>>> print(open('final_35.cif').read())   # mmCIF, C-alpha atoms
data_coords
loop_
_atom_site.label_atom_id
_atom_site.label_comp_id
_atom_site.auth_asym_id
_atom_site.auth_seq_id
_atom_site.Cartn_x
_atom_site.Cartn_y
_atom_site.Cartn_z
CA MET A 1 9.23 36.20 -34.18
CA ASN A 2 12.81 35.79 -35.01
CA PHE A 3 13.85 32.37 -36.24
CA ASN A 4 17.38 31.19 -35.75
CA ALA A 5 19.40 28.06 -35.09
CA THR A 6 17.53 27.50 -31.82
CA LEU A 7 14.94 25.82 -34.01
CA ILE A 8 17.44 23.23 -35.17
CA GLY A 9 18.88 22.85 -31.68
CA GLN A 10 15.43 22.21 -30.31
CA MET A 11 14.70 19.62 -33.00
CA ILE A 12 17.92 17.78 -32.19
CA ALA A 13 17.26 17.98 -28.46
CA PHE A 14 13.73 16.72 -29.04
CA ALA A 15 15.03 13.76 -31.03
CA VAL A 16 17.60 12.94 -28.35
CA PHE A 17 15.18 13.16 -25.42
CA THR A 18 12.55 11.17 -27.30
CA TRP A 19 15.14 8.52 -28.10
CA PHE A 20 16.20 8.43 -24.44
CA CYS A 21 12.59 8.08 -23.35
CA LEU A 22 11.96 5.35 -25.93
CA LYS A 23 15.07 3.45 -24.89
CA PHE A 24 15.40 3.87 -21.14
CA ILE A 25 12.22 5.29 -19.64
CA TRP A 26 9.17 3.89 -21.38
CA PRO A 27 9.92 0.14 -21.51
CA PRO A 28 10.77 -0.46 -17.81
CA ILE A 29 7.86 1.61 -16.51
CA ILE A 30 5.29 0.13 -18.86
CA HIS A 31 6.72 -3.31 -18.13
CA ALA A 32 6.29 -2.74 -14.39
CA LEU A 33 2.75 -1.49 -14.98
CA GLU A 34 1.82 -4.53 -17.08
CA GLU A 35 3.39 -6.84 -14.54
CA ARG A 36 1.51 -5.23 -11.68
CA LYS A 37 -1.71 -5.39 -13.65
CA LYS A 38 -1.11 -9.09 -14.20
CA THR A 39 -0.22 -9.65 -10.54
CA ILE A 40 -3.41 -7.92 -9.44
CA ALA A 41 -5.51 -9.85 -11.93
CA ASP A 42 -3.90 -13.09 -10.78
CA GLY A 43 -4.50 -12.15 -7.15
CA LEU A 44 -8.14 -11.38 -7.81
CA ALA A 45 -8.57 -14.62 -9.71
CA ALA A 46 -6.88 -16.52 -6.88
CA GLY A 47 -9.14 -14.83 -4.37
CA GLU A 48 -12.19 -15.72 -6.42
CA LYS A 49 -10.98 -19.29 -6.69
CA GLY A 50 -10.30 -19.42 -2.96
CA ARG A 51 -13.78 -18.18 -2.25
CA HIS A 52 -15.24 -20.77 -4.56
CA GLU A 53 -13.19 -23.48 -2.89
CA LEU A 54 -14.30 -22.28 0.52
CA GLU A 55 -17.88 -22.56 -0.65
CA LEU A 56 -17.24 -26.11 -1.85
CA ALA A 57 -15.44 -26.98 1.38
CA ARG A 58 -18.31 -25.60 3.38
CA GLY A 59 -20.72 -27.78 1.42
CA ARG A 60 -18.51 -30.80 1.96
CA PHE A 61 -18.18 -29.99 5.62
CA VAL A 62 -21.95 -29.92 6.02
CA GLU A 63 -22.30 -33.18 4.16
CA LEU A 64 -19.51 -34.82 6.16
CA THR A 65 -21.04 -33.65 9.41
CA ARG A 66 -24.37 -35.03 8.35
CA GLU A 67 -22.79 -38.33 7.35
CA GLY A 68 -20.86 -38.45 10.61
CA LYS A 69 -23.96 -37.82 12.63
CA GLN A 70 -25.82 -40.46 10.70
CA GLY A 71 -22.97 -42.93 11.15
CA ALA A 72 -22.79 -42.20 14.85
CA ALA A 73 -26.53 -42.69 15.18
CA GLU A 74 -26.31 -45.97 13.34
CA ILE A 75 -23.45 -47.13 15.54
CA ILE A 76 -25.35 -46.15 18.67
CA ALA A 77 -28.45 -47.99 17.49
CA LEU A 78 -26.39 -51.03 16.63
CA ALA A 79 -24.65 -50.93 20.00
CA GLN A 80 -27.99 -50.67 21.77
CA LYS A 81 -29.31 -53.59 19.85
CA ARG A 82 -26.20 -55.59 20.55
CA GLY A 83 -26.40 -54.66 24.25
CA ASP A 84 -30.00 -55.81 24.36
CA GLU A 85 -28.99 -59.02 22.71
CA ILE A 86 -26.20 -59.57 25.18
CA ILE A 87 -28.51 -58.89 28.10
CA ASP A 88 -31.13 -61.26 26.68
CA LYS A 89 -28.56 -63.96 26.15
CA ALA A 90 -27.17 -63.45 29.63
CA LYS A 91 -30.65 -63.74 31.05
CA GLU A 92 -31.27 -66.92 29.12
CA ASP A 93 -27.92 -68.36 30.19
CA ALA A 94 -28.62 -67.49 33.79
CA ARG A 95 -32.01 -69.09 33.58
CA LEU A 96 -30.60 -72.27 32.05
CA GLU A 97 -27.81 -72.36 34.61
CA GLY A 98 -30.27 -71.87 37.39
CA GLU A 99 -32.41 -74.69 36.12
CA HIS A 100 -29.38 -76.87 35.77
CA LEU A 101 -28.26 -76.12 39.30
CA LEU A 102 -31.77 -76.73 40.56
CA ALA A 103 -31.93 -80.06 38.80
CA ALA A 104 -28.55 -81.09 40.18
CA ALA A 105 -29.57 -80.04 43.66
CA ARG A 106 -32.76 -82.00 43.36
CA ALA A 107 -30.93 -85.06 42.18
CA GLU A 108 -28.53 -84.74 45.04
CA ILE A 109 -31.35 -84.32 47.51
CA GLU A 110 -33.09 -87.36 46.07
CA GLN A 111 -29.97 -89.40 46.31
CA GLU A 112 -29.37 -88.30 49.85
CA ARG A 113 -32.95 -89.15 50.67
CA LEU A 114 -32.53 -92.61 49.20
CA GLN A 115 -29.33 -93.07 51.11
CA ALA A 116 -31.01 -91.98 54.29
CA LYS A 117 -33.90 -94.25 53.58
CA GLU A 118 -31.58 -97.18 52.99
CA HIS A 119 -29.68 -96.34 56.08
CA LEU A 120 -32.84 -96.05 58.03
CA ARG A 121 -34.12 -99.28 56.62
CA LYS A 122 -30.93 -101.03 57.60
CA GLU A 123 -31.13 -99.59 61.04
CA VAL A 124 -34.75 -100.57 61.39
CA ALA A 125 -33.94 -104.03 60.12
CA ALA A 126 -31.13 -104.33 62.62
CA LEU A 127 -33.42 -102.94 65.26
CA ALA A 128 -36.12 -105.39 64.26
CA ILE A 129 -33.70 -108.23 64.32
CA ALA A 130 -32.36 -107.13 67.62
CA GLY A 131 -35.90 -106.85 68.84
CA ALA A 132 -36.78 -110.21 67.50
CA GLU A 133 -33.67 -111.64 69.00
CA GLN A 134 -34.61 -110.31 72.31
CA ILE A 135 -38.11 -111.57 71.89
CA LEU A 136 -36.99 -114.97 70.89
CA MET A 137 -34.30 -114.86 73.49
CA ARG A 138 -32.05 -116.70 71.32
CA GLU A 139 -29.57 -116.44 68.70
CA VAL A 140 -31.09 -116.07 65.38
CA ASP A 141 -29.48 -117.96 62.71
CA ARG A 142 -28.58 -115.26 60.35
CA ASP A 143 -28.01 -117.48 57.44
CA ALA A 144 -31.28 -119.34 57.98
CA HIS A 145 -33.28 -116.26 58.25
CA ASN A 146 -31.49 -114.05 55.93
CA LYS A 147 -34.19 -114.31 53.34
CA VAL A 148 -36.87 -113.41 55.79
CA LEU A 149 -34.87 -110.48 57.06
CA GLU A 150 -34.27 -109.17 53.61
CA ARG A 151 -37.90 -109.38 52.74
CA ILE A 152 -38.77 -107.46 55.89
CA SER A 153 -36.22 -104.90 55.23
CA ALA A 154 -37.48 -104.52 51.64
CA THR A 155 -40.95 -103.82 52.78
CA LEU A 156 -39.80 -101.02 55.08
CA MET B 1 10.85 47.11 -12.15
CA SER B 2 13.57 49.65 -11.70
CA GLU B 3 13.30 53.40 -11.79
CA GLY B 4 13.35 55.21 -15.08
CA LEU B 5 11.83 52.39 -17.07
CA THR B 6 8.71 52.86 -19.11
CA SER B 7 6.13 50.12 -19.28
CA THR B 8 6.91 49.60 -22.93
CA SER B 9 10.62 49.16 -22.40
CA TYR B 10 9.96 46.87 -19.44
CA ILE B 11 7.78 44.59 -21.50
CA LYS B 12 10.02 44.74 -24.56
CA HIS B 13 12.99 43.89 -22.41
CA HIS B 14 11.21 40.86 -21.03
CA LEU B 15 10.18 39.62 -24.44
CA GLN B 16 13.69 39.74 -25.87
CA ASN B 17 15.74 36.57 -25.97
CA LEU B 18 19.34 36.39 -24.92
CA VAL B 19 20.89 35.71 -28.33
CA TYR B 20 24.37 34.46 -29.01
CA GLY B 21 25.58 34.83 -32.57
CA LYS B 22 28.08 36.35 -34.98
CA LEU B 23 28.08 40.03 -35.82
CA PRO B 24 29.69 40.88 -39.16
CA ALA B 25 32.81 43.00 -39.52
CA GLY B 26 32.26 46.73 -39.49
CA TYR B 27 29.02 46.39 -37.56
CA GLU B 28 27.99 49.26 -35.30
CA ARG B 29 27.01 47.92 -31.88
CA ALA B 30 24.12 49.24 -29.82
CA ASP B 31 26.49 51.36 -27.70
CA GLY B 32 27.92 53.00 -30.82
CA THR B 33 31.22 51.10 -31.05
CA VAL B 34 32.15 49.64 -34.38
CA ILE B 35 33.67 46.19 -34.44
CA GLU B 36 36.69 45.56 -36.61
CA GLN B 37 36.03 41.95 -37.56
CA GLY B 38 33.26 39.36 -37.34
CA THR B 39 32.69 38.55 -33.66
CA TRP B 40 30.73 35.84 -31.83
CA THR B 41 29.01 37.59 -28.97
CA LEU B 42 25.78 38.13 -27.05
CA ALA B 43 23.35 40.56 -28.64
CA HIS B 44 22.97 43.78 -26.69
CA SER B 45 19.84 45.00 -28.43
CA PRO B 46 16.91 43.50 -30.34
CA ARG B 47 18.34 44.92 -33.55
CA GLU B 48 21.66 43.17 -32.97
CA ALA B 49 19.78 39.92 -32.37
CA VAL B 50 18.00 40.28 -35.71
CA ASP B 51 21.20 41.21 -37.51
CA MET B 52 22.91 38.06 -36.30
CA GLY B 53 20.83 36.21 -38.87
CA PHE B 54 19.84 32.57 -38.72
CA TRP B 55 23.02 31.15 -37.23
CA ALA B 56 22.45 32.43 -33.75
CA VAL B 57 21.13 30.70 -30.69
CA ASN B 58 18.64 31.87 -28.07
CA VAL B 59 20.83 30.92 -25.13
CA ASP B 60 18.09 31.43 -22.53
CA THR B 61 15.20 29.47 -24.01
CA MET B 62 17.43 26.80 -25.53
CA GLY B 63 19.25 26.44 -22.23
CA TRP B 64 16.07 26.17 -20.18
CA SER B 65 14.65 23.77 -22.73
CA LEU B 66 17.68 21.51 -22.31
CA VAL B 67 17.67 21.85 -18.52
CA LEU B 68 13.99 20.95 -18.33
CA GLY B 69 14.48 18.09 -20.77
CA LEU B 70 17.25 16.82 -18.51
CA VAL B 71 15.03 17.25 -15.45
CA PHE B 72 12.33 15.22 -17.18
CA SER B 73 14.78 12.53 -18.29
CA TYR B 74 16.46 12.35 -14.89
CA LEU B 75 13.21 12.14 -12.92
CA PHE B 76 11.72 9.50 -15.15
CA TYR B 77 14.93 7.59 -15.57
CA ARG B 78 15.44 7.40 -11.83
CA VAL B 79 12.03 5.83 -11.47
CA ALA B 80 12.35 3.66 -14.58
CA ARG B 81 15.67 2.22 -13.41
CA GLN B 82 14.13 0.76 -10.28
CA ALA B 83 10.58 0.33 -11.49
CA HIS B 84 9.10 -2.77 -9.93
CA ALA B 85 5.70 -4.40 -9.90
CA GLY B 86 5.41 -4.16 -6.11
CA VAL B 87 3.69 -1.41 -4.17
CA PRO B 88 4.96 1.84 -5.75
CA GLY B 89 6.42 4.68 -3.70
CA GLY B 90 5.55 8.37 -4.01
CA LEU B 91 7.47 9.46 -7.09
CA GLN B 92 7.02 6.12 -8.81
CA ASN B 93 3.30 6.40 -8.20
CA LEU B 94 3.15 9.86 -9.78
CA ILE B 95 5.23 8.90 -12.79
CA GLU B 96 3.38 5.64 -13.31
CA THR B 97 0.12 7.58 -13.26
CA LEU B 98 1.49 9.87 -15.97
CA VAL B 99 2.80 6.98 -18.04
CA GLY B 100 -0.47 5.11 -17.64
CA PHE B 101 -2.40 8.22 -18.63
CA VAL B 102 -0.32 8.76 -21.78
CA ASP B 103 -0.51 5.07 -22.61
CA LYS B 104 -4.30 5.19 -22.33
CA CYS B 105 -4.50 8.28 -24.54
CA VAL B 106 -2.34 6.64 -27.18
CA LYS B 107 -4.28 3.36 -27.07
CA GLU B 108 -7.61 5.16 -27.37
CA THR B 109 -6.57 7.55 -30.13
CA PHE B 110 -3.94 5.78 -32.16
CA HIS B 111 -5.43 2.92 -34.11
CA GLY B 112 -2.58 2.35 -36.53
CA ARG B 113 -0.30 -0.62 -36.49
CA SER B 114 1.20 -0.56 -33.04
CA ASP B 115 4.37 1.45 -33.16
CA LYS B 116 6.89 1.58 -30.35
CA LEU B 117 7.74 5.23 -30.94
CA ILE B 118 4.36 6.91 -30.54
CA ALA B 119 3.79 6.44 -26.81
CA PRO B 120 7.29 7.47 -25.61
CA LEU B 121 7.11 10.40 -28.03
CA ALA B 122 3.78 11.47 -26.55
CA LEU B 123 5.15 11.13 -23.01
CA THR B 124 8.21 13.21 -23.85
CA ILE B 125 6.09 15.89 -25.49
CA PHE B 126 3.60 16.04 -22.63
CA CYS B 127 6.06 16.15 -19.77
CA TRP B 128 8.67 18.29 -21.42
CA ILE B 129 6.18 20.91 -22.62
CA PHE B 130 4.48 20.81 -19.24
CA PHE B 131 7.77 21.53 -17.48
CA MET B 132 8.50 24.34 -19.94
CA ASN B 133 5.06 25.85 -19.41
CA LEU B 134 5.51 25.49 -15.66
CA MET B 135 8.31 28.03 -15.82
CA ASP B 136 5.59 30.55 -16.57
CA LEU B 137 4.37 30.26 -12.99
CA LEU B 138 7.63 31.56 -11.56
CA PRO B 139 7.48 35.29 -10.85
CA VAL B 140 8.44 37.00 -14.12
CA ASP B 141 11.34 38.97 -12.65
CA LEU B 142 12.81 36.29 -10.43
CA LEU B 143 15.07 34.36 -12.78
CA PRO B 144 16.05 37.40 -14.91
CA LEU B 145 17.07 39.09 -11.67
CA VAL B 146 19.17 36.10 -10.62
CA ALA B 147 20.71 35.85 -14.10
CA GLY B 148 21.47 39.57 -14.12
CA TRP B 149 23.06 39.34 -10.69
CA LEU B 150 25.13 36.27 -11.65
CA SER B 151 26.30 37.75 -14.94
CA GLY B 152 26.99 41.19 -13.48
CA ASN B 153 24.75 42.78 -16.10
CA PRO B 154 21.41 43.81 -14.55
CA HIS B 155 19.94 44.47 -17.99
CA LEU B 156 20.70 41.02 -19.33
CA TYR B 157 17.95 39.74 -21.61
CA PHE B 158 16.61 36.57 -20.09
CA LYS B 159 13.47 34.71 -21.13
CA VAL B 160 12.75 31.74 -18.90
CA VAL B 161 9.70 30.16 -20.54
CA PRO B 162 10.95 28.17 -23.54
CA THR B 163 7.47 27.73 -24.98
CA THR B 164 7.13 31.52 -25.41
CA ASP B 165 9.88 31.22 -28.00
CA PRO B 166 8.51 30.18 -31.42
CA ASN B 167 11.84 28.52 -32.18
CA ILE B 168 11.14 25.99 -29.46
CA THR B 169 7.50 25.34 -30.36
CA PHE B 170 8.33 25.08 -34.06
CA GLY B 171 11.20 22.80 -33.12
CA PHE B 172 8.59 20.45 -31.69
CA SER B 173 6.04 20.81 -34.45
CA LEU B 174 8.51 20.51 -37.34
CA SER B 175 9.82 17.28 -35.79
CA VAL B 176 6.23 16.07 -35.61
CA PHE B 177 5.73 17.17 -39.22
CA ILE B 178 8.78 15.17 -40.31
CA LEU B 179 7.35 12.14 -38.49
CA ILE B 180 3.97 12.65 -40.20
CA VAL B 181 5.62 12.61 -43.63
CA PHE B 182 7.90 9.74 -42.64
CA TYR B 183 5.06 7.53 -41.42
CA SER B 184 2.79 8.45 -44.34
CA ILE B 185 5.46 7.26 -46.74
CA LYS B 186 6.42 4.27 -44.61
CA ILE B 187 2.86 2.99 -44.32
CA LYS B 188 1.39 3.99 -47.67
CA GLY B 189 4.48 4.22 -49.86
CA ILE B 190 5.47 7.28 -51.87
CA GLY B 191 2.67 6.64 -54.35
CA GLY B 192 0.12 6.31 -51.59
CA PHE B 193 1.27 9.52 -49.96
CA VAL B 194 1.26 11.47 -53.21
CA GLY B 195 -2.11 9.97 -54.08
CA GLU B 196 -3.46 11.05 -50.73
CA LEU B 197 -2.30 14.58 -51.44
CA THR B 198 -3.67 14.79 -54.99
CA LEU B 199 -6.50 12.35 -55.67
CA HIS B 200 -9.12 13.52 -53.24
CA PRO B 201 -11.46 14.99 -52.27
CA PHE B 202 -12.40 15.66 -55.93
CA GLY B 203 -10.94 12.86 -58.02
CA LYS B 204 -8.22 12.94 -60.65
CA TRP B 205 -9.65 15.74 -62.84
CA MET B 206 -9.06 18.26 -60.07
CA ILE B 207 -5.49 17.35 -59.16
CA PRO B 208 -4.12 20.92 -58.80
CA PHE B 209 -7.03 21.94 -56.64
CA ASN B 210 -6.82 18.79 -54.56
CA PHE B 211 -3.11 19.27 -54.10
CA LEU B 212 -3.62 22.85 -52.96
CA LEU B 213 -6.30 21.79 -50.49
CA GLU B 214 -4.44 18.78 -49.08
CA GLY B 215 -1.12 20.56 -49.12
CA VAL B 216 -2.51 23.40 -47.08
CA SER B 217 -4.15 21.00 -44.66
CA LEU B 218 -0.86 19.11 -44.29
CA LEU B 219 1.20 22.26 -43.75
CA THR B 220 -1.36 23.69 -41.36
CA LYS B 221 -0.70 20.88 -38.92
CA PRO B 222 2.78 21.89 -37.74
CA VAL B 223 2.02 25.59 -38.00
CA SER B 224 -1.14 25.37 -35.93
CA LEU B 225 0.54 23.06 -33.40
CA ALA B 226 3.43 25.46 -32.85
CA LEU B 227 1.42 28.68 -32.97
CA ARG B 228 -1.25 27.42 -30.58
CA LEU B 229 1.28 26.57 -27.91
CA PHE B 230 3.37 29.67 -28.56
CA GLY B 231 0.35 31.99 -28.64
CA ASN B 232 -1.16 30.71 -25.42
CA LEU B 233 2.04 30.86 -23.45
CA TYR B 234 3.17 34.15 -24.99
CA ALA B 235 -0.15 35.75 -24.11
CA GLY B 236 -0.05 34.26 -20.62
CA GLU B 237 3.47 35.59 -20.10
CA LEU B 238 2.41 39.01 -21.37
CA ILE B 239 -0.43 39.15 -18.88
CA PHE B 240 1.96 38.19 -16.08
CA LEU B 241 4.17 41.06 -17.21
CA LEU B 242 1.27 43.51 -17.21
CA ILE B 243 0.22 42.32 -13.76
CA ALA B 244 3.79 42.70 -12.56
CA MET B 245 3.63 46.42 -13.29
CA LEU B 246 0.77 47.05 -10.88
CA GLY B 247 2.83 47.48 -7.75
CA TYR B 248 1.32 45.88 -4.65
CA TRP B 249 -1.95 45.19 -6.43
CA GLN B 250 -0.18 42.55 -8.45
CA LEU B 251 -0.19 40.08 -5.57
CA PRO B 252 -3.86 39.03 -5.57
CA LEU B 253 -4.13 39.37 -9.36
CA HIS B 254 -0.98 37.41 -9.88
CA PHE B 255 -2.37 34.64 -7.70
CA VAL B 256 -5.66 34.52 -9.60
CA TRP B 257 -4.00 34.49 -13.00
CA ALA B 258 -1.46 31.88 -11.85
CA VAL B 259 -4.23 29.58 -10.66
CA PHE B 260 -5.99 30.00 -13.97
CA HIS B 261 -2.71 29.50 -15.78
CA ILE B 262 -2.16 26.12 -14.12
CA LEU B 263 -5.11 24.97 -16.19
CA ILE B 264 -3.74 26.52 -19.36
CA ILE B 265 -0.24 25.11 -19.13
CA THR B 266 -1.53 21.60 -18.47
CA LEU B 267 -4.15 21.89 -21.17
CA GLN B 268 -1.69 23.19 -23.77
CA ALA B 269 0.77 20.38 -23.03
CA PHE B 270 -2.08 17.88 -23.27
CA ILE B 271 -3.43 19.37 -26.52
CA PHE B 272 0.01 19.29 -28.12
CA MET B 273 0.40 15.64 -27.14
CA MET B 274 -3.09 14.61 -28.25
CA LEU B 275 -2.81 16.37 -31.62
CA THR B 276 0.56 14.75 -32.21
CA ILE B 277 -0.98 11.35 -31.56
CA VAL B 278 -3.96 12.16 -33.78
CA TYR B 279 -1.79 13.43 -36.65
CA LEU B 280 0.49 10.42 -36.47
CA GLY B 281 -2.56 8.18 -36.26
CA MET B 282 -3.90 9.80 -39.42
CA ALA B 283 -0.54 9.26 -41.09
CA HIS B 284 -0.90 5.56 -40.28
CA GLU B 285 -4.38 5.23 -41.69
CA GLU B 286 -5.05 4.09 -45.22
CA LEU B 287 -7.47 6.71 -46.46
CA HIS B 288 -9.87 6.29 -49.36
#
>>> encode(input="final_35.cif", output="structure tokens")
Amino acid sequence: MNFNATLIGQMIAFAVFTWFCLKFIWPPIIHALEERKKTIADGLAAGEKGRHELELARGRFVELTREGKQGAAEIIALAQKRGDEIIDKAKEDARLEGEHLLAAARAEIEQERLQAKEHLRKEVAALAIAGAEQILMREVDRDAHNKVLERISATL
Amino acid sequence: MSEGLTSTSYIKHHLQNLVYGKLPAGYERADGTVIEQGTWTLAHSPREAVDMGFWAVNVDTMGWSLVLGLVFSYLFYRVARQAHAGVPGGLQNLIETLVGFVDKCVKETFHGRSDKLIAPLALTIFCWIFFMNLMDLLPVDLLPLVAGWLSGNPHLYFKVVPTTDPNITFGFSLSVFILIVFYSIKIKGIGGFVGELTLHPFGKWMIPFNFLLEGVSLLTKPVSLALRLFGNLYAGELIFLLIAMLGYWQLPLHFVWAVFHILIITLQAFIFMMLTIVYLGMAHEELH
């Protein structure tokens, strides 16, 4: 063991290298390490949050689906009811219309019957008069016998 | 191992630093020549190295220490310059693992007021000492051979493992010692530091005894730090040297010892770092 100025040289070198490390090596590396640690922590937190949100979204999705199904069912029921109503109303309308048409037809038939009857009566009356004329072999005085003729024709 | 060398001279040669220093005027060199005036030169024998006194430098260990420090700084700086929080590449991954490891050690051990110096200091100590220790895994004759070939002197002294030089390990531990004293005074004040050294464990009536006890425990810290690292690596190097003298049998033995040594060099670097953190943590704590 032989001590010489190497000791002092080593101490100076040690101081210089330590200073260099302190100034230029340690801070950037430790900074990068801290930053990466933070990035990873943030990423993990974000992932956790995302998972939580997915869970929530899944819950909402189920609820929405259920609501949608329920709404659709309600709409279908309503539509069915409305359809039934429309059919019922249409039936009713048709029935009323039918009755109406029937009544009109009846009235028309009645009227035509009356007309035919009148016509027939007039014809019979004319026939009767013509018959009577022929029987009497003379001209019937229409004016004088109008009353009689009308009465006959009324009885027919 | 060349012909005509004894085991002792082989080992002695390997344990001698390449020293550059000043030889005084009228000094008789190892080859018998006498120099006229004081000369700055490389020592040619262990005795010359000793006679150069304190103002001489171990060119080999100091040089490798600086080279490895530069390797450490360059590697880490290259990563630090483009460090980003994205997905790290290969080297960045490795270095971030190291930095994270050191940071964790410091956070778990150092409970003082957070200080910006401690963690970078620990990283420098760990990596630099690890690189120095790693030199021990190179075959013991490889770099001396290359150095001898490059310098044209095949018997050039050349030690490649800086941590087998007590100058280097004490260079670390004395710096740590200075920091211990500095932080003790900074945190506790001069009075607090002196009080810590004198007023316990036995109260004010035993001040001389307390001072002796605490003084020894304070001075033991740098000495034990440096000697532990030096001793482990010196012994490891010695065993590599002994194995290297076994001829072809050295290959399997060398492998086994090298594998075991991987553990030692990492462990010693780690222990040095941890103890530095612990000592500095103690310097930050208000005791009693």
>>> interface_residues(input="final_35.cif", of="chain A", to="chain B", cutoff="9 Å", atoms="all atoms listed in the file", output="NGL selection string")
:A and (1-15 or 17-37 or 39)
>>> write_last_selection(input="final_35.cif", atoms="C-alpha atoms", output="PDB file, keeping the file's coordinate frame")
ATOM      1  CA  MET A   1       9.230  36.200 -34.180  1.00  0.00           C
ATOM      2  CA  ASN A   2      12.810  35.790 -35.010  1.00  0.00           C
ATOM      3  CA  PHE A   3      13.850  32.370 -36.240  1.00  0.00           C
ATOM      4  CA  ASN A   4      17.380  31.190 -35.750  1.00  0.00           C
ATOM      5  CA  ALA A   5      19.400  28.060 -35.090  1.00  0.00           C
ATOM      6  CA  THR A   6      17.530  27.500 -31.820  1.00  0.00           C
ATOM      7  CA  LEU A   7      14.940  25.820 -34.010  1.00  0.00           C
ATOM      8  CA  ILE A   8      17.440  23.230 -35.170  1.00  0.00           C
ATOM      9  CA  GLY A   9      18.880  22.850 -31.680  1.00  0.00           C
ATOM     10  CA  GLN A  10      15.430  22.210 -30.310  1.00  0.00           C
ATOM     11  CA  MET A  11      14.700  19.620 -33.000  1.00  0.00           C
ATOM     12  CA  ILE A  12      17.920  17.780 -32.190  1.00  0.00           C
ATOM     13  CA  ALA A  13      17.260  17.980 -28.460  1.00  0.00           C
ATOM     14  CA  PHE A  14      13.730  16.720 -29.040  1.00  0.00           C
ATOM     15  CA  ALA A  15      15.030  13.760 -31.030  1.00  0.00           C
ATOM     16  CA  PHE A  17      15.180  13.160 -25.420  1.00  0.00           C
ATOM     17  CA  THR A  18      12.550  11.170 -27.300  1.00  0.00           C
ATOM     18  CA  TRP A  19      15.140   8.520 -28.100  1.00  0.00           C
ATOM     19  CA  PHE A  20      16.200   8.430 -24.440  1.00  0.00           C
ATOM     20  CA  CYS A  21      12.590   8.080 -23.350  1.00  0.00           C
ATOM     21  CA  LEU A  22      11.960   5.350 -25.930  1.00  0.00           C
ATOM     22  CA  LYS A  23      15.070   3.450 -24.890  1.00  0.00           C
ATOM     23  CA  PHE A  24      15.400   3.870 -21.140  1.00  0.00           C
ATOM     24  CA  ILE A  25      12.220   5.290 -19.640  1.00  0.00           C
ATOM     25  CA  TRP A  26       9.170   3.890 -21.380  1.00  0.00           C
ATOM     26  CA  PRO A  27       9.920   0.140 -21.510  1.00  0.00           C
ATOM     27  CA  PRO A  28      10.770  -0.460 -17.810  1.00  0.00           C
ATOM     28  CA  ILE A  29       7.860   1.610 -16.510  1.00  0.00           C
ATOM     29  CA  ILE A  30       5.290   0.130 -18.860  1.00  0.00           C
ATOM     30  CA  HIS A  31       6.720  -3.310 -18.130  1.00  0.00           C
ATOM     31  CA  ALA A  32       6.290  -2.740 -14.390  1.00  0.00           C
ATOM     32  CA  LEU A  33       2.750  -1.490 -14.980  1.00  0.00           C
ATOM     33  CA  GLU A  34       1.820  -4.530 -17.080  1.00  0.00           C
ATOM     34  CA  GLU A  35       3.390  -6.840 -14.540  1.00  0.00           C
ATOM     35  CA  ARG A  36       1.510  -5.230 -11.680  1.00  0.00           C
ATOM     36  CA  LYS A  37      -1.710  -5.390 -13.650  1.00  0.00           C
ATOM     37  CA  THR A  39      -0.220  -9.650 -10.540  1.00  0.00           C
TER      38      THR A  39
END
>>> atom_distance(input="final_35.cif", atom1="CA of Ala258 in chain B", atom2="CA of Asn133 in chain B")
11.7 Å
>>> resolve_selection(input="final_35.cif", expression="the PyMOL selection byres ((chain B and resi 192) around 12)", output="PDB file with C-alpha atoms, in the coordinates of the input")
ATOM      1  CA  VAL B 181       5.620  12.610 -43.630  1.00  0.00           C
ATOM      2  CA  TYR B 183       5.060   7.530 -41.420  1.00  0.00           C
ATOM      3  CA  SER B 184       2.790   8.450 -44.340  1.00  0.00           C
ATOM      4  CA  ILE B 185       5.460   7.260 -46.740  1.00  0.00           C
ATOM      5  CA  LYS B 186       6.420   4.270 -44.610  1.00  0.00           C
ATOM      6  CA  ILE B 187       2.860   2.990 -44.320  1.00  0.00           C
ATOM      7  CA  LYS B 188       1.390   3.990 -47.670  1.00  0.00           C
ATOM      8  CA  GLY B 189       4.480   4.220 -49.860  1.00  0.00           C
ATOM      9  CA  ILE B 190       5.470   7.280 -51.870  1.00  0.00           C
ATOM     10  CA  GLY B 191       2.670   6.640 -54.350  1.00  0.00           C
ATOM     11  CA  PHE B 193       1.270   9.520 -49.960  1.00  0.00           C
ATOM     12  CA  VAL B 194       1.260  11.470 -53.210  1.00  0.00           C
ATOM     13  CA  GLY B 195      -2.110   9.970 -54.080  1.00  0.00           C
ATOM     14  CA  GLU B 196      -3.460  11.050 -50.730  1.00  0.00           C
ATOM     15  CA  LEU B 197      -2.300  14.580 -51.440  1.00  0.00           C
ATOM     16  CA  THR B 198      -3.670  14.790 -54.990  1.00  0.00           C
ATOM     17  CA  LEU B 199      -6.500  12.350 -55.670  1.00  0.00           C
ATOM     18  CA  HIS B 200      -9.120  13.520 -53.240  1.00  0.00           C
ATOM     19  CA  ALA B 283      -0.540   9.260 -41.090  1.00  0.00           C
ATOM     20  CA  HIS B 284      -0.900   5.560 -40.280  1.00  0.00           C
ATOM     21  CA  GLU B 285      -4.380   5.230 -41.690  1.00  0.00           C
ATOM     22  CA  GLU B 286      -5.050   4.090 -45.220  1.00  0.00           C
ATOM     23  CA  LEU B 287      -7.470   6.710 -46.460  1.00  0.00           C
ATOM     24  CA  HIS B 288      -9.870   6.290 -49.360  1.00  0.00           C
TER      25      HIS B 288
END
>>> atom_distance(input="final_35.cif", atom1="CA of Ser45 in chain B", atom2="CA of Leu68 in chain B")
26.7 Å
